[in-house]
file query-v6.pdb (PDB, C-alpha atoms)
ATOM      1  CA  MET A   1     -42.467 -61.613 -50.783
ATOM      2  CA  GLU A   2     -42.420 -58.375 -48.816
ATOM      3  CA  PHE A   3     -42.789 -55.243 -50.934
ATOM      4  CA  GLY A   4     -41.303 -52.025 -49.640
ATOM      5  CA  MET A   5     -40.259 -48.643 -51.005
ATOM      6  CA  PHE A   6     -36.882 -47.137 -50.185
ATOM      7  CA  HIS A   7     -37.462 -43.430 -49.594
ATOM      8  CA  GLN A   8     -34.815 -40.754 -49.089
ATOM      9  CA  PHE A   9     -37.067 -37.663 -49.271
ATOM     10  CA  PRO A  10     -35.182 -36.356 -52.319
ATOM     11  CA  ALA A  11     -34.414 -32.674 -52.692
ATOM     12  CA  LEU A  12     -35.702 -32.151 -56.233
ATOM     13  CA  PRO A  13     -34.260 -29.265 -58.271
ATOM     14  CA  GLY A  14     -36.466 -26.189 -58.138
ATOM     15  CA  ARG A  15     -38.316 -27.407 -55.046
ATOM     16  CA  THR A  16     -38.137 -25.892 -51.586
ATOM     17  CA  GLN A  17     -37.422 -28.138 -48.627
ATOM     18  CA  LYS A  18     -41.036 -27.625 -47.554
ATOM     19  CA  GLU A  19     -42.198 -28.977 -50.911
ATOM     20  CA  ALA A  20     -39.767 -31.909 -50.662
ATOM     21  CA  PHE A  21     -41.318 -32.957 -47.343
ATOM     22  CA  ALA A  22     -44.867 -32.462 -48.642
ATOM     23  CA  GLU A  23     -44.306 -34.597 -51.746
ATOM     24  CA  ALA A  24     -42.558 -37.305 -49.747
ATOM     25  CA  PHE A  25     -45.437 -37.563 -47.287
ATOM     26  CA  GLU A  26     -47.948 -37.633 -50.153
ATOM     27  CA  GLN A  27     -46.128 -40.681 -51.503
ATOM     28  CA  ILE A  28     -46.196 -42.313 -48.071
ATOM     29  CA  ASP A  29     -49.924 -41.657 -47.690
ATOM     30  CA  ALA A  30     -50.506 -43.207 -51.126
ATOM     31  CA  ALA A  31     -48.428 -46.252 -50.195
ATOM     32  CA  GLU A  32     -50.659 -46.731 -47.158
ATOM     33  CA  ARG A  33     -53.814 -46.539 -49.323
ATOM     34  CA  TRP A  34     -52.502 -48.812 -52.058
ATOM     35  CA  GLY A  35     -51.354 -51.586 -49.749
ATOM     36  CA  LEU A  36     -47.560 -51.397 -49.795
ATOM     37  CA  ASP A  37     -46.092 -53.572 -47.053
ATOM     38  CA  THR A  38     -43.286 -51.329 -45.768
ATOM     39  CA  MET A  39     -41.958 -47.792 -46.161
ATOM     40  CA  TRP A  40     -38.181 -47.670 -45.699
ATOM     41  CA  LEU A  41     -36.565 -44.421 -44.568
ATOM     42  CA  ALA A  42     -32.968 -43.513 -45.386
ATOM     43  CA  GLU A  43     -30.487 -41.610 -43.248
ATOM     44  CA  LEU A  44     -28.445 -39.049 -45.202
ATOM     45  CA  HIS A  45     -26.466 -36.140 -43.793
ATOM     46  CA  PHE A  46     -25.003 -32.847 -45.020
ATOM     47  CA  ASP A  47     -26.142 -33.236 -48.646
ATOM     48  CA  PRO A  48     -28.950 -30.707 -49.219
ATOM     49  CA  GLN A  49     -28.897 -31.219 -52.986
ATOM     50  CA  ARG A  50     -29.703 -34.889 -52.487
ATOM     51  CA  SER A  51     -32.002 -35.356 -49.515
ATOM     52  CA  VAL A  52     -33.804 -33.766 -46.566
ATOM     53  CA  LEU A  53     -34.003 -37.037 -44.629
ATOM     54  CA  SER A  54     -31.348 -36.793 -41.943
ATOM     55  CA  ALA A  55     -33.539 -37.837 -38.981
ATOM     56  CA  PRO A  56     -35.253 -41.128 -39.878
ATOM     57  CA  LEU A  57     -36.675 -41.840 -36.419
ATOM     58  CA  SER A  58     -38.356 -38.428 -36.346
ATOM     59  CA  ILE A  59     -39.887 -39.113 -39.753
ATOM     60  CA  ALA A  60     -40.823 -42.625 -38.645
ATOM     61  CA  ALA A  61     -42.757 -41.180 -35.719
ATOM     62  CA  ALA A  62     -44.612 -38.842 -38.092
ATOM     63  CA  VAL A  63     -45.399 -41.735 -40.440
ATOM     64  CA  GLY A  64     -46.593 -43.830 -37.531
ATOM     65  CA  ALA A  65     -48.953 -41.059 -36.407
ATOM     66  CA  ARG A  66     -50.498 -40.498 -39.857
ATOM     67  CA  THR A  67     -50.882 -44.153 -40.928
ATOM     68  CA  GLU A  68     -52.515 -47.239 -39.459
ATOM     69  CA  ARG A  69     -51.299 -50.268 -41.400
ATOM     70  CA  ILE A  70     -48.004 -49.905 -43.261
ATOM     71  CA  LYS A  71     -44.821 -51.073 -41.551
ATOM     72  CA  ILE A  72     -42.133 -48.450 -41.009
ATOM     73  CA  GLY A  73     -38.548 -49.456 -41.655
ATOM     74  CA  ILE A  74     -35.262 -47.642 -41.092
ATOM     75  CA  ALA A  75     -32.800 -48.252 -43.949
ATOM     76  CA  VAL A  76     -30.570 -47.750 -42.246
ATOM     77  CA  GLN A  77     -29.872 -46.199 -38.881
ATOM     78  CA  VAL A  78     -26.121 -45.492 -38.911
ATOM     79  CA  LEU A  79     -25.266 -46.996 -35.535
ATOM     80  CA  PRO A  80     -21.689 -45.752 -35.048
ATOM     81  CA  LEU A  81     -22.936 -42.153 -35.135
ATOM     82  CA  CYS A  82     -25.544 -42.738 -32.386
ATOM     83  CA  HIS A  83     -25.524 -42.842 -28.612
ATOM     84  CA  PRO A  84     -26.914 -46.328 -27.893
ATOM     85  CA  LEU A  85     -29.122 -45.459 -24.915
ATOM     86  CA  ARG A  86     -30.724 -42.472 -26.641
ATOM     87  CA  LEU A  87     -31.235 -44.609 -29.730
ATOM     88  CA  ALA A  88     -32.879 -47.439 -27.770
ATOM     89  CA  GLU A  89     -35.261 -44.964 -26.127
ATOM     90  CA  GLU A  90     -36.205 -43.149 -29.333
ATOM     91  CA  ALA A  91     -36.713 -46.283 -31.416
ATOM     92  CA  ALA A  92     -38.863 -47.833 -28.675
ATOM     93  CA  THR A  93     -40.911 -44.627 -28.601
ATOM     94  CA  VAL A  94     -41.490 -44.863 -32.365
ATOM     95  CA  ASP A  95     -42.595 -48.464 -31.896
ATOM     96  CA  HIS A  96     -45.291 -47.275 -29.489
ATOM     97  CA  ILE A  97     -46.396 -44.339 -31.644
ATOM     98  CA  SER A  98     -46.757 -46.656 -34.643
ATOM     99  CA  GLY A  99     -48.619 -49.349 -32.743
ATOM    100  CA  GLY A 100     -45.783 -51.853 -33.085
ATOM    101  CA  ARG A 101     -44.940 -51.357 -36.767
ATOM    102  CA  LEU A 102     -41.245 -50.465 -36.559
ATOM    103  CA  ILE A 103     -38.592 -52.531 -38.372
ATOM    104  CA  PHE A 104     -35.198 -51.446 -37.112
ATOM    105  CA  GLY A 105     -32.725 -51.578 -39.997
ATOM    106  CA  VAL A 106     -29.141 -50.803 -39.064
ATOM    107  CA  GLY A 107     -25.784 -50.391 -40.767
ATOM    108  CA  ARG A 108     -22.483 -48.507 -40.867
ATOM    109  CA  SER A 109     -22.991 -46.402 -44.048
ATOM    110  CA  GLY A 110     -20.423 -46.287 -46.809
ATOM    111  CA  LEU A 111     -19.711 -42.564 -46.533
ATOM    112  CA  PRO A 112     -16.514 -41.866 -44.543
ATOM    113  CA  ARG A 113     -17.005 -38.120 -45.112
ATOM    114  CA  THR A 114     -20.097 -38.201 -42.876
ATOM    115  CA  TYR A 115     -18.021 -39.732 -40.077
ATOM    116  CA  GLU A 116     -15.409 -37.020 -40.456
ATOM    117  CA  ASP A 117     -18.081 -34.324 -40.279
ATOM    118  CA  TYR A 118     -19.420 -35.902 -37.079
ATOM    119  CA  GLY A 119     -15.926 -36.183 -35.638
ATOM    120  CA  VAL A 120     -15.992 -39.992 -35.526
ATOM    121  CA  SER A 121     -13.238 -42.139 -37.023
ATOM    122  CA  TYR A 122     -14.464 -44.369 -39.830
ATOM    123  CA  ALA A 123     -11.764 -46.845 -38.814
ATOM    124  CA  GLU A 124     -13.736 -47.351 -35.600
ATOM    125  CA  SER A 125     -17.058 -47.917 -37.373
ATOM    126  CA  ARG A 126     -17.076 -51.716 -37.214
ATOM    127  CA  ASP A 127     -16.331 -51.915 -33.491
ATOM    128  CA  ARG A 128     -18.693 -49.037 -32.707
ATOM    129  CA  PHE A 129     -21.437 -50.678 -34.722
ATOM    130  CA  THR A 130     -21.157 -53.909 -32.757
ATOM    131  CA  GLU A 131     -21.149 -52.142 -29.393
ATOM    132  CA  VAL A 132     -24.153 -49.956 -30.179
ATOM    133  CA  LEU A 133     -26.177 -52.901 -31.496
ATOM    134  CA  ASP A 134     -25.256 -55.044 -28.491
ATOM    135  CA  ILE A 135     -26.385 -52.286 -26.130
ATOM    136  CA  VAL A 136     -29.675 -51.671 -27.939
ATOM    137  CA  GLU A 137     -30.472 -55.380 -27.833
ATOM    138  CA  LEU A 138     -29.663 -55.516 -24.122
ATOM    139  CA  ALA A 139     -31.761 -52.424 -23.436
ATOM    140  CA  TRP A 140     -34.750 -53.997 -25.188
ATOM    141  CA  SER A 141     -34.430 -57.440 -23.621
ATOM    142  CA  ARG A 142     -33.638 -56.845 -19.936
ATOM    143  CA  PRO A 143     -35.304 -54.827 -17.171
ATOM    144  CA  ASN A 144     -31.857 -53.460 -16.298
ATOM    145  CA  PHE A 145     -28.353 -54.143 -17.531
ATOM    146  CA  SER A 146     -24.701 -53.182 -17.317
ATOM    147  CA  TYR A 147     -22.190 -53.029 -20.123
ATOM    148  CA  GLU A 148     -18.433 -52.633 -20.346
ATOM    149  CA  GLY A 149     -16.987 -51.967 -23.795
ATOM    150  CA  LYS A 150     -14.287 -50.070 -25.614
ATOM    151  CA  TYR A 151     -16.450 -47.028 -26.326
ATOM    152  CA  TYR A 152     -19.359 -47.306 -23.868
ATOM    153  CA  SER A 153     -19.702 -48.359 -20.247
ATOM    154  CA  PHE A 154     -22.966 -48.390 -18.274
ATOM    155  CA  LYS A 155     -24.066 -49.719 -14.891
ATOM    156  CA  ASN A 156     -27.565 -50.696 -13.811
ATOM    157  CA  ILE A 157     -29.382 -48.985 -16.692
ATOM    158  CA  THR A 158     -33.134 -49.250 -17.185
ATOM    159  CA  VAL A 159     -34.403 -47.964 -20.523
ATOM    160  CA  SER A 160     -37.930 -46.585 -20.752
ATOM    161  CA  PRO A 161     -40.080 -47.055 -22.664
ATOM    162  CA  GLN A 162     -39.558 -50.640 -23.654
ATOM    163  CA  PRO A 163     -40.680 -51.402 -27.222
ATOM    164  CA  LEU A 164     -44.307 -52.318 -27.798
ATOM    165  CA  GLN A 165     -43.398 -55.345 -29.907
ATOM    166  CA  GLU A 166     -42.346 -58.393 -27.944
ATOM    167  CA  PRO A 167     -39.638 -59.365 -27.506
ATOM    168  CA  ALA A 168     -38.489 -56.362 -29.602
ATOM    169  CA  PRO A 169     -38.864 -54.712 -33.005
ATOM    170  CA  PRO A 170     -37.324 -56.874 -35.741
ATOM    171  CA  ILE A 171     -33.746 -55.895 -36.559
ATOM    172  CA  ARG A 172     -32.190 -56.169 -40.018
ATOM    173  CA  ILE A 173     -28.543 -55.489 -40.852
ATOM    174  CA  ALA A 174     -27.125 -54.015 -44.053
ATOM    175  CA  ALA A 175     -24.431 -56.307 -45.466
ATOM    176  CA  ALA A 176     -21.838 -54.980 -47.904
ATOM    177  CA  SER A 177     -18.328 -56.418 -47.487
ATOM    178  CA  PRO A 178     -17.904 -60.215 -47.829
ATOM    179  CA  ASP A 179     -17.008 -60.751 -44.171
ATOM    180  CA  THR A 180     -20.262 -59.146 -43.036
ATOM    181  CA  TYR A 181     -22.511 -61.882 -44.433
ATOM    182  CA  PRO A 182     -21.378 -64.802 -42.244
ATOM    183  CA  ALA A 183     -21.069 -62.482 -39.239
ATOM    184  CA  VAL A 184     -24.725 -61.467 -39.535
ATOM    185  CA  GLY A 185     -25.715 -65.071 -40.203
ATOM    186  CA  GLU A 186     -24.003 -66.175 -36.994
ATOM    187  CA  ARG A 187     -25.888 -63.444 -35.151
ATOM    188  CA  GLY A 188     -29.170 -64.777 -36.534
ATOM    189  CA  LEU A 189     -30.560 -61.570 -38.033
ATOM    190  CA  PRO A 190     -31.969 -60.830 -41.510
ATOM    191  CA  ILE A 191     -29.828 -58.915 -44.004
ATOM    192  CA  PHE A 192     -30.261 -56.107 -46.522
ATOM    193  CA  ILE A 193     -28.222 -56.142 -49.710
ATOM    194  CA  ASN A 194     -27.690 -52.953 -51.680
ATOM    195  CA  ALA A 195     -28.164 -54.344 -55.197
ATOM    196  CA  ARG A 196     -27.312 -51.199 -57.142
ATOM    197  CA  TYR A 197     -24.074 -52.526 -58.623
ATOM    198  CA  GLY A 198     -23.359 -55.477 -60.902
ATOM    199  CA  SER A 199     -25.495 -58.501 -61.620
ATOM    200  CA  PHE A 200     -27.739 -60.035 -58.999
ATOM    201  CA  SER A 201     -26.131 -63.453 -59.468
ATOM    202  CA  GLU A 202     -22.903 -62.060 -57.979
ATOM    203  CA  PHE A 203     -24.590 -62.008 -54.570
ATOM    204  CA  ALA A 204     -25.226 -65.767 -54.580
ATOM    205  CA  PRO A 205     -21.919 -66.750 -52.851
ATOM    206  CA  GLU A 206     -22.378 -64.121 -50.134
ATOM    207  CA  ILE A 207     -25.987 -65.178 -49.530
ATOM    208  CA  ARG A 208     -24.880 -68.786 -49.352
ATOM    209  CA  ALA A 209     -22.175 -67.895 -46.802
ATOM    210  CA  TYR A 210     -24.745 -65.970 -44.767
ATOM    211  CA  ARG A 211     -27.223 -68.856 -44.704
ATOM    212  CA  GLU A 212     -24.551 -71.448 -43.946
ATOM    213  CA  ALA A 213     -23.386 -69.412 -40.940
ATOM    214  CA  TYR A 214     -27.003 -68.868 -39.893
ATOM    215  CA  LYS A 215     -27.678 -72.611 -39.945
ATOM    216  CA  ALA A 216     -24.381 -73.520 -38.268
ATOM    217  CA  ALA A 217     -25.202 -71.188 -35.380
ATOM    218  CA  GLY A 218     -28.414 -73.139 -34.756
ATOM    219  CA  HIS A 219     -30.951 -70.454 -35.643
ATOM    220  CA  GLU A 220     -34.414 -71.436 -36.814
ATOM    221  CA  GLY A 221     -35.321 -70.985 -40.467
ATOM    222  CA  ARG A 222     -32.891 -70.208 -43.272
ATOM    223  CA  GLY A 223     -32.148 -66.509 -42.712
ATOM    224  CA  GLN A 224     -34.056 -63.770 -44.502
ATOM    225  CA  VAL A 225     -32.586 -61.733 -47.371
ATOM    226  CA  TYR A 226     -33.945 -58.415 -48.658
ATOM    227  CA  LEU A 227     -32.702 -56.540 -51.724
ATOM    228  CA  ARG A 228     -32.581 -52.786 -52.021
ATOM    229  CA  VAL A 229     -32.799 -52.289 -55.769
ATOM    230  CA  PRO A 230     -33.575 -49.511 -58.283
ATOM    231  CA  THR A 231     -37.101 -50.196 -59.532
ATOM    232  CA  TYR A 232     -39.245 -48.246 -61.946
ATOM    233  CA  LEU A 233     -42.652 -48.858 -63.515
ATOM    234  CA  ALA A 234     -44.813 -46.959 -65.999
ATOM    235  CA  GLU A 235     -47.930 -47.533 -68.094
ATOM    236  CA  THR A 236     -45.869 -48.751 -71.054
ATOM    237  CA  GLU A 237     -42.518 -50.480 -71.394
ATOM    238  CA  GLU A 238     -41.253 -47.590 -73.526
ATOM    239  CA  ARG A 239     -42.025 -45.050 -70.795
ATOM    240  CA  ALA A 240     -40.644 -47.332 -68.092
ATOM    241  CA  ARG A 241     -37.320 -47.408 -69.923
ATOM    242  CA  ALA A 242     -37.197 -43.732 -70.904
ATOM    243  CA  GLU A 243     -38.540 -41.825 -67.891
ATOM    244  CA  PRO A 244     -35.926 -42.721 -65.237
ATOM    245  CA  ARG A 245     -32.907 -42.374 -67.562
ATOM    246  CA  GLU A 246     -31.747 -38.925 -66.403
ATOM    247  CA  SER A 247     -32.246 -39.735 -62.714
ATOM    248  CA  LEU A 248     -30.584 -43.146 -62.812
ATOM    249  CA  MET A 249     -27.520 -41.971 -64.717
ATOM    250  CA  HIS A 250     -27.274 -38.942 -62.423
ATOM    251  CA  PHE A 251     -27.253 -41.376 -59.505
ATOM    252  CA  TYR A 252     -24.373 -43.434 -60.911
ATOM    253  CA  ARG A 253     -22.335 -40.316 -61.703
ATOM    254  CA  GLU A 254     -22.806 -39.132 -58.121
ATOM    255  CA  GLN A 255     -21.942 -42.567 -56.743
ATOM    256  CA  ALA A 256     -18.748 -42.643 -58.773
ATOM    257  CA  GLN A 257     -17.750 -39.284 -57.306
ATOM    258  CA  ARG A 258     -18.527 -40.447 -53.756
ATOM    259  CA  LEU A 259     -16.494 -43.608 -54.275
ATOM    260  CA  ARG A 260     -13.526 -41.622 -55.627
ATOM    261  CA  ASP A 261     -13.723 -39.362 -52.603
ATOM    262  CA  SER A 262     -14.015 -42.238 -50.136
ATOM    263  CA  LEU A 263     -10.916 -44.007 -51.497
ATOM    264  CA  SER A 264      -8.756 -41.227 -50.043
ATOM    265  CA  ARG A 265     -10.518 -41.172 -46.670
ATOM    266  CA  ALA A 266      -8.989 -42.706 -43.564
ATOM    267  CA  GLY A 267     -10.438 -45.949 -42.262
ATOM    268  CA  THR A 268     -11.643 -47.525 -45.511
ATOM    269  CA  LEU A 269     -10.586 -51.114 -46.193
ATOM    270  CA  ALA A 270      -9.828 -52.969 -49.423
ATOM    271  CA  ILE A 271     -12.299 -55.677 -48.406
ATOM    272  CA  GLU A 272     -15.122 -53.159 -48.773
ATOM    273  CA  GLY A 273     -14.670 -53.264 -52.548
ATOM    274  CA  ARG A 274     -14.859 -49.526 -53.252
ATOM    275  CA  ALA A 275     -12.264 -49.534 -56.030
ATOM    276  CA  GLU A 276     -14.011 -52.419 -57.775
ATOM    277  CA  ARG A 277     -17.396 -50.691 -57.573
ATOM    278  CA  LEU A 278     -15.909 -47.477 -58.908
ATOM    279  CA  LYS A 279     -14.345 -49.255 -61.875
ATOM    280  CA  ARG A 280     -17.664 -50.939 -62.603
ATOM    281  CA  ILE A 281     -19.824 -47.826 -62.685
ATOM    282  CA  GLU A 282     -17.459 -45.228 -64.161
ATOM    283  CA  ASN A 283     -18.357 -46.254 -67.720
ATOM    284  CA  LEU A 284     -21.743 -47.796 -67.043
ATOM    285  CA  THR A 285     -24.230 -47.416 -69.892
ATOM    286  CA  TYR A 286     -27.942 -46.935 -69.400
ATOM    287  CA  GLU A 287     -28.688 -50.308 -70.972
ATOM    288  CA  GLU A 288     -26.395 -51.954 -68.443
ATOM    289  CA  ALA A 289     -28.192 -50.157 -65.619
ATOM    290  CA  LEU A 290     -31.599 -51.536 -66.596
ATOM    291  CA  THR A 291     -32.821 -54.755 -65.001
ATOM    292  CA  GLY A 292     -35.758 -55.791 -67.212
ATOM    293  CA  GLN A 293     -39.420 -56.455 -66.483
ATOM    294  CA  VAL A 294     -40.136 -56.101 -62.785
ATOM    295  CA  SER A 295     -42.368 -59.129 -62.192
ATOM    296  CA  GLU A 296     -40.277 -61.485 -64.302
ATOM    297  CA  ARG A 297     -37.045 -60.344 -62.677
ATOM    298  CA  LEU A 298     -38.438 -60.648 -59.149
ATOM    299  CA  ARG A 299     -39.636 -64.180 -59.820
ATOM    300  CA  ALA A 300     -36.195 -65.091 -61.127
ATOM    301  CA  LEU A 301     -34.563 -63.530 -58.065
ATOM    302  CA  GLN A 302     -36.825 -65.513 -55.791
ATOM    303  CA  ASP A 303     -35.764 -68.710 -57.517
ATOM    304  CA  GLU A 304     -32.086 -67.802 -57.918
ATOM    305  CA  LEU A 305     -31.279 -66.129 -54.604
ATOM    306  CA  GLY A 306     -34.197 -67.006 -52.357
ATOM    307  CA  ILE A 307     -34.949 -63.386 -51.506
ATOM    308  CA  ASP A 308     -37.724 -62.570 -49.058
ATOM    309  CA  GLY A 309     -38.521 -59.027 -50.149
ATOM    310  CA  ILE A 310     -37.395 -55.852 -51.866
ATOM    311  CA  LEU A 311     -36.819 -52.240 -50.968
ATOM    312  CA  ALA A 312     -37.820 -50.714 -54.292
ATOM    313  CA  GLU A 313     -35.831 -47.551 -54.948
ATOM    314  CA  ILE A 314     -38.401 -45.989 -57.266
ATOM    315  CA  ASN A 315     -36.689 -42.597 -57.467
ATOM    316  CA  CYS A 316     -33.074 -43.700 -57.694
ATOM    317  CA  GLY A 317     -31.104 -40.511 -58.253
ATOM    318  CA  GLY A 318     -33.863 -38.283 -56.887
ATOM    319  CA  LEU A 319     -34.761 -36.587 -60.189
ATOM    320  CA  VAL A 320     -37.941 -38.463 -61.164
ATOM    321  CA  PRO A 321     -40.896 -36.029 -61.018
ATOM    322  CA  HIS A 322     -43.362 -36.547 -58.196
ATOM    323  CA  GLN A 323     -46.327 -37.635 -60.336
ATOM    324  CA  GLN A 324     -44.225 -40.223 -62.134
ATOM    325  CA  VAL A 325     -43.086 -41.601 -58.773
ATOM    326  CA  MET A 326     -46.738 -41.820 -57.738
ATOM    327  CA  THR A 327     -47.606 -43.770 -60.891
ATOM    328  CA  ALA A 328     -44.698 -46.153 -60.426
ATOM    329  CA  LEU A 329     -45.648 -46.709 -56.774
ATOM    330  CA  ARG A 330     -49.275 -47.418 -57.683
ATOM    331  CA  LEU A 331     -48.260 -49.933 -60.354
ATOM    332  CA  LEU A 332     -45.899 -51.661 -57.932
ATOM    333  CA  CYS A 333     -48.694 -52.007 -55.380
ATOM    334  CA  GLU A 334     -51.601 -52.813 -57.704
ATOM    335  CA  ASP A 335     -50.016 -54.714 -60.610
ATOM    336  CA  VAL A 336     -46.831 -56.373 -59.332
ATOM    337  CA  LYS A 337     -47.334 -57.042 -55.623
ATOM    338  CA  PRO A 338     -50.554 -59.113 -56.041
ATOM    339  CA  ARG A 339     -48.644 -61.626 -58.172
ATOM    340  CA  PHE A 340     -46.488 -62.522 -55.187
ATOM    341  CA  HIS A 341     -49.089 -62.547 -52.399
TER     342      HIS A 341
END

call {"tool": "encode", "arguments": {"input": "query-v6.pdb", "output": "structure tokens"}}
result
Amino acid sequence: MEFGMFHQFPALPGRTQKEAFAEAFEQIDAAERWGLDTMWLAELHFDPQRSVLSAPLSIAAAVGARTERIKIGIAVQVLPLCHPLRLAEEAATVDHISGGRLIFGVGRSGLPRTYEDYGVSYAESRDRFTEVLDIVELAWSRPNFSYEGKYYSFKNITVSPQPLQEPAPPIRIAAASPDTYPAVGERGLPIFINARYGSFSEFAPEIRAYREAYKAAGHEGRGQVYLRVPTYLAETEERARAEPRESLMHFYREQAQRLRDSLSRAGTLAIEGRAERLKRIENLTYEEALTGQVSERLRALQDELGIDGILAEINCGGLVPHQQVMTALRLLCEDVKPRFH
């Protein structure tokens, strides 16, 4: 079981952006000391009340320079908003700076408003995603290449540097809509699942479809599955239940508002399930948001879904005070992680 922390460098109320960066890096330094496997960096734009992490590869380079052991994951790089050649160069550079510790997580993002602000049509996001990923993989696997697509065309391109890891940094893809799971399985790459909504058992059919497509395409192994999930720990069960209440419910209120907004945006599809997610969380109670004891639940998820790791979202909602995040991170590393290694 791989243990990671999902980090979005939250912009806490009453904190300056300088303080937000300082506290975030203190948590990363602690994760390195306490033996966490991976630090996962979000990509969030134009939301200063929520996050200061809009440039994950820049932060990844800084993490790589100040740490020696922990893996550095991107969760996720929003591919349709990137130029593929620039992205291939910058990610390969981070791989060198970190000594080969980059995990390249990619996705489309579920925020159409961000696409509008960047001047990119969300309706094009699926096709753009595929083209950008194809180009990055070509850039990392061939001394030179050409490409002819709908959005990008290149001739005799040589990308430098090449990644340090051979053949390339591992790539993981965020899966959300049902059709994404078999598509990623056919491609032979691991998947992330954003497990913030509903019961974990609801993901079983999608995971099964992913692994069936993975096997049918002839890839080795069964296909790796990683859950991004709100996770909180404290010294007592009472504190673990009480301390994240405000932050977690704030998160679901914000998510409901984002989903309402996205329903009216161009390019969204019914298959993406936004209306269903909105209906589910509009009247969500705190008890329904809780997931139980961490170790027991993880063991059950291993048995039920065959997951290979988690991206623990310790500060889901961004309002948990820094010292409480530090305590939760330490307990995850020192009390929970050893039971699975």

call {"tool": "resolve_selection", "arguments": {"input": "query-v6.pdb", "expression": "the PyMOL selection byres ((chain A and resi 193) around 9)", "output": "JSON, numbers by chain"}}
result
{"A": [173, 174, 175, 176, 191, 192, 194, 195, 196, 203, 225, 226, 227, 228, 229]}

call {"tool": "resolve_selection", "arguments": {"input": "query-v6.pdb", "expression": "the PyMOL selection byres ((chain A and resi 112) around 7)", "output": "ChimeraX atom specification"}}
result
/A:110-111,113-116,122,262,265

call {"tool": "residues_around", "arguments": {"input": "query-v6.pdb", "residues": "region 86-90 of chain A", "least_positions_apart": "5", "cutoff": "12 Å", "atoms": "all atoms listed in the file", "output": "PyMOL selection string"}}
result
chain A and resi 55-61+77-81+95-97+102+104+106+132-141+157-164+168-169

call {"tool": "resolve_selection", "arguments": {"input": "query-v6.pdb", "expression": "the PyMOL selection byres ((chain A and resi 326) around 12)", "output": "PDB file with C-alpha atoms, in the coordinates of the input"}}
result
ATOM      1  CA  MET A   5     -40.259 -48.643 -51.005  1.00  0.00           C
ATOM      2  CA  GLU A  23     -44.306 -34.597 -51.746  1.00  0.00           C
ATOM      3  CA  ALA A  24     -42.558 -37.305 -49.747  1.00  0.00           C
ATOM      4  CA  PHE A  25     -45.437 -37.563 -47.287  1.00  0.00           C
ATOM      5  CA  GLU A  26     -47.948 -37.633 -50.153  1.00  0.00           C
ATOM      6  CA  GLN A  27     -46.128 -40.681 -51.503  1.00  0.00           C
ATOM      7  CA  ILE A  28     -46.196 -42.313 -48.071  1.00  0.00           C
ATOM      8  CA  ASP A  29     -49.924 -41.657 -47.690  1.00  0.00           C
ATOM      9  CA  ALA A  30     -50.506 -43.207 -51.126  1.00  0.00           C
ATOM     10  CA  ALA A  31     -48.428 -46.252 -50.195  1.00  0.00           C
ATOM     11  CA  ARG A  33     -53.814 -46.539 -49.323  1.00  0.00           C
ATOM     12  CA  TRP A  34     -52.502 -48.812 -52.058  1.00  0.00           C
ATOM     13  CA  TYR A 232     -39.245 -48.246 -61.946  1.00  0.00           C
ATOM     14  CA  LEU A 233     -42.652 -48.858 -63.515  1.00  0.00           C
ATOM     15  CA  ALA A 234     -44.813 -46.959 -65.999  1.00  0.00           C
ATOM     16  CA  GLU A 235     -47.930 -47.533 -68.094  1.00  0.00           C
ATOM     17  CA  ILE A 314     -38.401 -45.989 -57.266  1.00  0.00           C
ATOM     18  CA  ASN A 315     -36.689 -42.597 -57.467  1.00  0.00           C
ATOM     19  CA  VAL A 320     -37.941 -38.463 -61.164  1.00  0.00           C
ATOM     20  CA  PRO A 321     -40.896 -36.029 -61.018  1.00  0.00           C
ATOM     21  CA  HIS A 322     -43.362 -36.547 -58.196  1.00  0.00           C
ATOM     22  CA  GLN A 323     -46.327 -37.635 -60.336  1.00  0.00           C
ATOM     23  CA  GLN A 324     -44.225 -40.223 -62.134  1.00  0.00           C
ATOM     24  CA  VAL A 325     -43.086 -41.601 -58.773  1.00  0.00           C
ATOM     25  CA  THR A 327     -47.606 -43.770 -60.891  1.00  0.00           C
ATOM     26  CA  ALA A 328     -44.698 -46.153 -60.426  1.00  0.00           C
ATOM     27  CA  LEU A 329     -45.648 -46.709 -56.774  1.00  0.00           C
ATOM     28  CA  ARG A 330     -49.275 -47.418 -57.683  1.00  0.00           C
ATOM     29  CA  LEU A 331     -48.260 -49.933 -60.354  1.00  0.00           C
ATOM     30  CA  LEU A 332     -45.899 -51.661 -57.932  1.00  0.00           C
ATOM     31  CA  CYS A 333     -48.694 -52.007 -55.380  1.00  0.00           C
TER      32      CYS A 333
END

call {"tool": "residues_around", "arguments": {"input": "query-v6.pdb", "residues": "Ile307 (chain A)", "least_positions_apart": "4", "cutoff": "12 Å", "atoms": "all atoms listed in the file", "output": "MDAnalysis selection string"}}
result
chainID A and resid 1:3 190:193 195 200:201 203:204 207:208 211 222:228 297:303 311

call {"tool": "atom_distance", "arguments": {"input": "query-v6.pdb", "atom1": "CA of Ser121 (chain A)", "atom2": "CA of Gln257 (chain A)"}}
result
21.0 Å

call {"tool": "closest_residue", "arguments": {"input": "query-v6.pdb", "among": "A:Phe6, A:Tyr286, A:Glu131, A:Gly35", "to": "Tyr147 (chain A)", "atoms": "all atoms listed in the file"}}
result
A:Glu131

call {"tool": "closest_residue", "arguments": {"input": "query-v6.pdb", "among": "A:Lys337, A:His250, A:Arg126, A:His83", "to": "Leu319 (chain A)", "atoms": "all atoms listed in the file"}}
result
A:His250

call {"tool": "atom_distance", "arguments": {"input": "query-v6.pdb", "atom1": "CA of Arg128 (chain A)", "atom2": "CA of Cys82 (chain A)"}}
result
9.3 Å
